[in-house]
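S.K.: Structure in structure tokens, see below.
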Amino acid sequence: HEVTSNNLFDGQDLAPPTLPRGAKSGWFVRDVAAGSSLRPLTVGKTTLGMRLDGLKTVGGGKIVQGTLRNLTPRDRNVTVYYVERFDAAKPVWWNHIRDGVPATESREYAGLTQAGAGATGQLSQYPFGCVTGTGAGRALGTPPSLGARIARIAFRPDTHLMFLACDLALTAKGDTAKHDQAPVAVARYDVDPDWGFRDAAARFYALFPDAYQRRATAEGIWMPFTDPSKVSGVADFHFAYHEGDNSIASDRRNKILSFKYVEPMTYWMPMAKGAPRTYPEAMKLVKQIATSTDKIAAHQAQAVLSSGSQDLRGQFNVAFRDMPWCDGAVWVLNPSPRVGTSSGLWTKARLNHAGSPIPGAANQPDGQYLDSLEAWADVLDYRPESLRASTQALCFPQGGGRPTLPTWVSVYESTEALSKDLHRHGKLLMANSVPWRFSAFAPLLDVMGTETNMFSDAGEWAPEPDAIMNLRRTASYHKPYLLLLNTDFTKVSYENIARYFERCLFYGVYPSMFSVNAADHPYWENPALYNRDRPLFKKYIPVLQRLSAAGWEPITWAKAAQSDVWLERYGKNYLTVLNSKDTSTNAVIRIDAAKFGSGARSGKTLVVRDVLTGLTIPAKISGSTISVQLPLRGQETRVLSLGLTQLRRKGSNS
């Protein structure tokens with residue numbers, strides 16, 4: 001039948017839930033496999049063979065949590081919903097810190113990305129969602145303690161319903177692994193409508209401070225693999241994080257942190273050029289390697305047999321790739337520390353842990369580096385041992401089916417274990433390729449980053465969208481975020497490299513370079529390239545260090561008169577300003593000076609300076625608002641320093 005907008009809920013052909021009379025919120029559940037409607041969940045009562053137990057409110061009333069139990073003798077595919085009414089007039093749905101959309105259409109508003117599993121195959125890109133209206137604002141979020149969850153947050157203006165949906169596979173009652181139950185929780189809190197998503201982010205950080213604690217205090221850029229001491233005049237480039245442990249002693253002398261390299265979920269197995277790229281051929285080879293005298297390769301191959309993830313047929317998940325670093329088979333493994341332990345073989349978790357620093361040993365790296373963290377995320381693992389061993393809630397394939405674990409969920413479990421172990425010993429955890437889709441990883445990591453390209457094949461400026469840069473900035477909060485540029489540097493002009501630095505300056509993220517294809521002709525092994533760009537590192541990185549140390553704050557306390565002029569705040573002393581247009585403009589910035597400690601009551605006023613030039617910028621004062629005008633070239637970034645000075649009294653020369 002034709003689906004109408006009135007019969008659409010959570011992106012599916014479902015009638016929206018109805019809250020009890022007088023209720024502002026409620027819990028509901030749906031049996032996805034059976035295609036049931038949404039049914040209200042009442043604590044202690046059975047609904048669709050399930051029961052919600054132990055519901056309680058914590059966190060000053062802002063967090064509600066409980067346990068959903070399966071009371072039937074069969075596996076279940078379910079979605080549990082927390083639903084709230086939001087009645088404020090003129091509602092606005094917020095996609096990110098710079099994108100609020102008037103919710104005027106009879107449809108669902110949500111910021112979704114691919115999840116690889118679940119009722120709709122989608123999940124929210126952020127751990128919280130936000131809607132505001134006249135005089136009110138509200139946010140719903142997934143508490144970090146829930147771990148890796150496929151959760152969606154959305155708002156439907158015509159029904160005035162805001163909801164959080166969570167997909168779960170519950171095994172049959174009495175499952176000894178206890179996957180017949182799963183914790184459920186929601187964070188729910190008011191939001192200042194004047195700041196929308198920015199205020200929602202600030203309150204989320206305050207609600208879960210441990211998840212956003214900054215442990216990595218080094219300020220500087222990312223070096224991939226190359227020994228930094230081989231770079232002439234290395235101090236000019238301000239390296240802080242070295243992907244690799246091939247130069248620990250010299251790194252220490254140069255005050256650079258070293259990280260042991262691990263790719264957490266794969267074994268790249270080379271195959272002979274003429275060998276058939278088939279499953280039987282790959283299995284034959286992996287068994288041969290597993291008993292070979294090459295210990296490193298043997299341990300990798302054994303990990304396939306002990307902890308390789310499996311498809312519905314029980315075959316190991318494998319793909320065939322011809323890449324610069326390997327031509328052959330890529331085995332997708334489950335790195336959970338609880339998988340394969342009884343096999344007597346090396347496991348992927350054991351391999352990953354073998355790469356961890358050894359506390360107290362000499363010349364040990366400062367932490368571990370996880371490469372390609374979100375790679376192979378959608379590969380599903382049906383291996384019974386994987387499901388039994390998982391400490392994370394199980395899920396189901398899109399539309400329903402046997403309980404499964406998307407690879408990203410198993411990688412989350414491994415990352416969580418590594419994070420706890422490293423932090424216990426005063427070490428750090430760094431990761432590449434995050435966040436793109438899964439912001440759940442952010443609380444586990446100390447340093448995040450990703451490889452990127454901000455130029456066309458011809459070397460023209462092609463920056464990444466503001467939306468993805470905002471995701472990275474918001475997920476990191478005060479933690480350092482690093483970029484690694486993969487492009488043909490011989491085609492990119494010095495002027496365009498400067499644009500890359502300025503864009504990173506605006507977002508408070510560190511720029512660095514890798515190679516043309518993430519393997520060949522590394523930038524840092526070509527003096528002609530890094531010497532050409534040396535002045536840019538010397539000019540911009542010290543300013544970035546000041547911004548990063550101050551810490552990004554979502555609420556800017558300042559606004560631009562023009563919508564295409566963007567602002568970000570760092571600590572209580574810095575604003576970055578970006579003209580997002582290609583054409584020049586005269587920006588007008590209005591600053592709430594009282595938030596920076598200025599005003600007659602304090603006896604001080606705000607002085608605005610351009611950090612890159614050192615020049616004072618003339619300002620107009622009107623009450624507690626200070627206005628400055630900034631001429632900006634197309635795509636230009638300026639950094640403003642905000643400092644207090646004593647107010648002049650009439651008749652005083654001071």
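Ligands are numbered from 1 in the order shown, residues from 1 within each chain, and chains are lettered A, B, ... in the order they appear in the structure tokens.
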Name the residues of stretch 13-48 of chain A that fall into strand (DSSP E or B) according to DSSP on the backbone, using the chain letters and numbers of this document, as a list in words.
M.R.: Ser25, Gly26, Trp27, Phe28, Val29, Arg30, Asp31, Arg39, Pro40, Leu41, Thr46 and Thr47 of chain A
S.K.: May I have the residues within 10 Å of A:Asn246 as a PyMOL selection string, using only C-alpha atoms and disregarding those fewer than 2 positions away in the same chain?
M.R.: chain A and resi 225-228+242-244+248-251+258-260+365
S.K.: Leaving out stretch 175-191 of chain A and any residue of its chain fewer than 3 positions from it, which residues lie within 7 Å of it when counting only C-alpha atoms, given as number ranges by chain?
M.R.: A: 62-70, 136-143, 170-172, 196, 199-200, 388, 393
S.K.: Could you give me, as number ranges by chain, the residues within 12 Å of A:Tyr477, counting only C-alpha atoms and dropping anything in the same chain fewer than 6 positions from it?
M.R.: A: 198, 201-206, 208-209, 211-214, 439, 442-443, 445-448, 470-471, 507-509, 548-555, 569-571
S.K.: Using DSSP secondary structure from the backbone, list all alpha helix (DSSP H) positions within stretch 230-373 of chain A, as a ChimeraX atom specification.
M.R.: /A:248-253,279-290,295-307,348-354
S.K.: Taking N, CA, C and O atoms for each residue, export the selection above as a short mmCIF file (atom, residue, chain, number, x, y, z; two decimals), in the first residue's frame.
M.R.:
```
data_model
loop_
_atom_site.label_atom_id
_atom_site.label_comp_id
_atom_site.auth_asym_id
_atom_site.auth_seq_id
_atom_site.Cartn_x
_atom_site.Cartn_y
_atom_site.Cartn_z
N ILE A 248 61.78 6.14 18.69
CA ILE A 248 61.33 6.57 20.02
C ILE A 248 62.35 7.47 20.70
O ILE A 248 62.00 8.51 21.26
N ALA A 249 63.62 7.09 20.66
CA ALA A 249 64.63 7.87 21.37
C ALA A 249 64.74 9.29 20.82
O ALA A 249 64.73 10.27 21.58
N SER A 250 64.82 9.42 19.50
CA SER A 250 64.91 10.77 18.92
C SER A 250 63.60 11.53 19.07
O SER A 250 63.60 12.76 19.22
N ASP A 251 62.47 10.81 19.03
CA ASP A 251 61.18 11.47 19.27
C ASP A 251 61.17 12.11 20.66
O ASP A 251 60.71 13.25 20.84
N ARG A 252 61.69 11.38 21.65
CA ARG A 252 61.72 11.91 23.01
C ARG A 252 62.57 13.17 23.08
O ARG A 252 62.21 14.14 23.74
N ARG A 253 63.70 13.14 22.40
CA ARG A 253 64.57 14.31 22.41
C ARG A 253 63.89 15.52 21.77
O ARG A 253 64.13 16.66 22.18
N TYR A 279 37.40 -17.89 -2.36
CA TYR A 279 37.39 -18.27 -0.94
C TYR A 279 38.17 -19.55 -0.68
O TYR A 279 39.01 -19.58 0.24
N PRO A 280 37.99 -20.64 -1.47
CA PRO A 280 38.77 -21.86 -1.20
C PRO A 280 40.28 -21.63 -1.30
O PRO A 280 41.04 -22.15 -0.49
N GLU A 281 40.71 -20.84 -2.29
CA GLU A 281 42.14 -20.59 -2.44
C GLU A 281 42.68 -19.78 -1.26
O GLU A 281 43.77 -20.05 -0.75
N ALA A 282 41.91 -18.79 -0.83
CA ALA A 282 42.34 -17.96 0.30
C ALA A 282 42.39 -18.78 1.59
O ALA A 282 43.32 -18.63 2.40
N MET A 283 41.41 -19.66 1.80
CA MET A 283 41.41 -20.51 3.00
C MET A 283 42.59 -21.48 2.99
O MET A 283 43.23 -21.71 4.04
N LYS A 284 42.90 -22.02 1.82
CA LYS A 284 44.03 -22.94 1.71
C LYS A 284 45.32 -22.22 2.10
O LYS A 284 46.14 -22.75 2.87
N LEU A 285 45.47 -20.99 1.62
CA LEU A 285 46.70 -20.24 1.89
C LEU A 285 46.78 -19.81 3.35
O LEU A 285 47.85 -19.90 3.97
N VAL A 286 45.67 -19.38 3.94
CA VAL A 286 45.73 -18.91 5.32
C VAL A 286 46.06 -20.06 6.27
O VAL A 286 46.78 -19.87 7.27
N LYS A 287 45.61 -21.26 5.97
CA LYS A 287 45.95 -22.42 6.79
C LYS A 287 47.43 -22.78 6.66
O LYS A 287 48.08 -23.20 7.64
N GLN A 288 47.97 -22.62 5.44
CA GLN A 288 49.40 -22.88 5.25
C GLN A 288 50.24 -21.88 6.05
O GLN A 288 51.20 -22.25 6.73
N ILE A 289 49.88 -20.62 5.96
CA ILE A 289 50.64 -19.58 6.65
C ILE A 289 50.56 -19.76 8.16
O ILE A 289 51.52 -19.50 8.89
N ALA A 290 49.40 -20.23 8.66
CA ALA A 290 49.18 -20.38 10.10
C ALA A 290 50.17 -21.35 10.73
O ALA A 290 50.44 -21.28 11.94
N LYS A 295 56.89 -16.28 12.02
CA LYS A 295 56.03 -16.13 13.19
C LYS A 295 55.03 -14.99 13.05
O LYS A 295 53.86 -15.12 13.44
N ILE A 296 55.47 -13.86 12.52
CA ILE A 296 54.57 -12.71 12.40
C ILE A 296 53.39 -13.05 11.50
O ILE A 296 52.22 -12.84 11.85
N ALA A 297 53.68 -13.61 10.32
CA ALA A 297 52.61 -13.99 9.40
C ALA A 297 51.77 -15.12 9.98
O ALA A 297 50.54 -15.14 9.83
N ALA A 298 52.42 -16.08 10.65
CA ALA A 298 51.68 -17.21 11.22
C ALA A 298 50.68 -16.74 12.27
O ALA A 298 49.54 -17.23 12.33
N HIS A 299 51.11 -15.81 13.11
CA HIS A 299 50.21 -15.30 14.14
C HIS A 299 49.01 -14.58 13.51
O HIS A 299 47.87 -14.71 13.99
N GLN A 300 49.26 -13.82 12.45
CA GLN A 300 48.16 -13.13 11.76
C GLN A 300 47.17 -14.15 11.17
O GLN A 300 45.95 -13.99 11.29
N ALA A 301 47.70 -15.19 10.54
CA ALA A 301 46.84 -16.20 9.93
C ALA A 301 46.06 -16.98 10.98
O ALA A 301 44.89 -17.33 10.80
N GLN A 302 46.73 -17.29 12.10
CA GLN A 302 46.04 -17.98 13.18
C GLN A 302 44.86 -17.15 13.70
O GLN A 302 43.81 -17.70 14.07
N ALA A 303 45.04 -15.84 13.71
CA ALA A 303 43.97 -14.97 14.19
C ALA A 303 42.73 -15.07 13.31
O ALA A 303 41.60 -14.89 13.79
N VAL A 304 42.92 -15.35 12.02
CA VAL A 304 41.76 -15.56 11.15
C VAL A 304 40.98 -16.78 11.62
O VAL A 304 39.74 -16.75 11.73
N LEU A 305 41.69 -17.86 11.92
CA LEU A 305 41.02 -19.10 12.32
C LEU A 305 40.40 -19.00 13.70
O LEU A 305 39.33 -19.58 13.96
N SER A 306 41.02 -18.25 14.60
CA SER A 306 40.52 -18.17 15.98
C SER A 306 39.47 -17.08 16.17
O SER A 306 38.55 -17.23 16.98
N SER A 307 39.60 -15.97 15.43
CA SER A 307 38.73 -14.82 15.69
C SER A 307 38.25 -14.13 14.43
O SER A 307 37.80 -12.99 14.49
N LYS A 348 43.10 -11.98 17.22
CA LYS A 348 43.31 -10.60 16.81
C LYS A 348 43.49 -9.70 18.02
O LYS A 348 44.32 -8.78 18.00
N ALA A 349 42.76 -9.94 19.09
CA ALA A 349 42.93 -9.14 20.30
C ALA A 349 44.33 -9.30 20.86
O ALA A 349 44.96 -8.33 21.31
N ARG A 350 44.86 -10.51 20.84
CA ARG A 350 46.22 -10.75 21.35
C ARG A 350 47.25 -10.02 20.49
O ARG A 350 48.20 -9.43 21.00
N LEU A 351 47.04 -10.04 19.18
CA LEU A 351 47.93 -9.31 18.27
C LEU A 351 47.88 -7.81 18.55
O LEU A 351 48.91 -7.14 18.60
N ASN A 352 46.67 -7.29 18.72
CA ASN A 352 46.53 -5.87 18.99
C ASN A 352 47.18 -5.50 20.32
O ASN A 352 47.84 -4.46 20.43
N HIS A 353 46.99 -6.34 21.32
CA HIS A 353 47.57 -6.06 22.63
C HIS A 353 49.09 -6.18 22.61
O HIS A 353 49.79 -5.47 23.32
N ALA A 354 49.61 -7.08 21.75
CA ALA A 354 51.05 -7.23 21.63
C ALA A 354 51.68 -5.95 21.10
O ALA A 354 52.87 -5.70 21.33
#
```
S.K.: Enter the distance from atom CA of A:Thr278 to atom CA of A:Arg383, in Å, rounded to one decimal.
M.R.: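 We find that atom CA of A:Thr278 and atom CA of A:Arg383 lie 20.7 Å from each other.
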S.K.: I'd like the neighbourhood of A:Leu123 as a PyMOL selection string, where a residue qualifies if any of its atoms comes within 9 Å (using only C-alpha atoms), though same-chain residues fewer than 6 positions away should be ignored.
M.R.: chain A and resi 111-116+149-153+166+437-438
S.K.: Applying 12 Å and only C-alpha atoms, which residues near stretch 7-21 of chain A remain after dropping the ones on its own chain fewer than 4 positions away? List them as JSON, numbers by chain.
M.R.: {"A": [1, 2, 3, 25, 26, 27, 28, 29, 30, 31, 32, 35, 36, 37, 38, 39, 40, 41, 42, 79, 80, 81, 82, 83, 84, 85, 106, 107, 108, 109, 110, 112, 118, 119, 120, 121, 122, 123, 124, 151, 152, 153, 154, 155, 156, 157, 158, 159, 160, 161, 162, 163, 164, 165, 166, 167, 399]}
S.K.: List the neighbours of A:Val332 out to 8 Å using only C-alpha atoms; skip same-chain residues closer than 5 positions along the sequence, and give me the result as a ChimeraX atom specification.
M.R.: /A:265-267,304,308-309,316-318,376,379
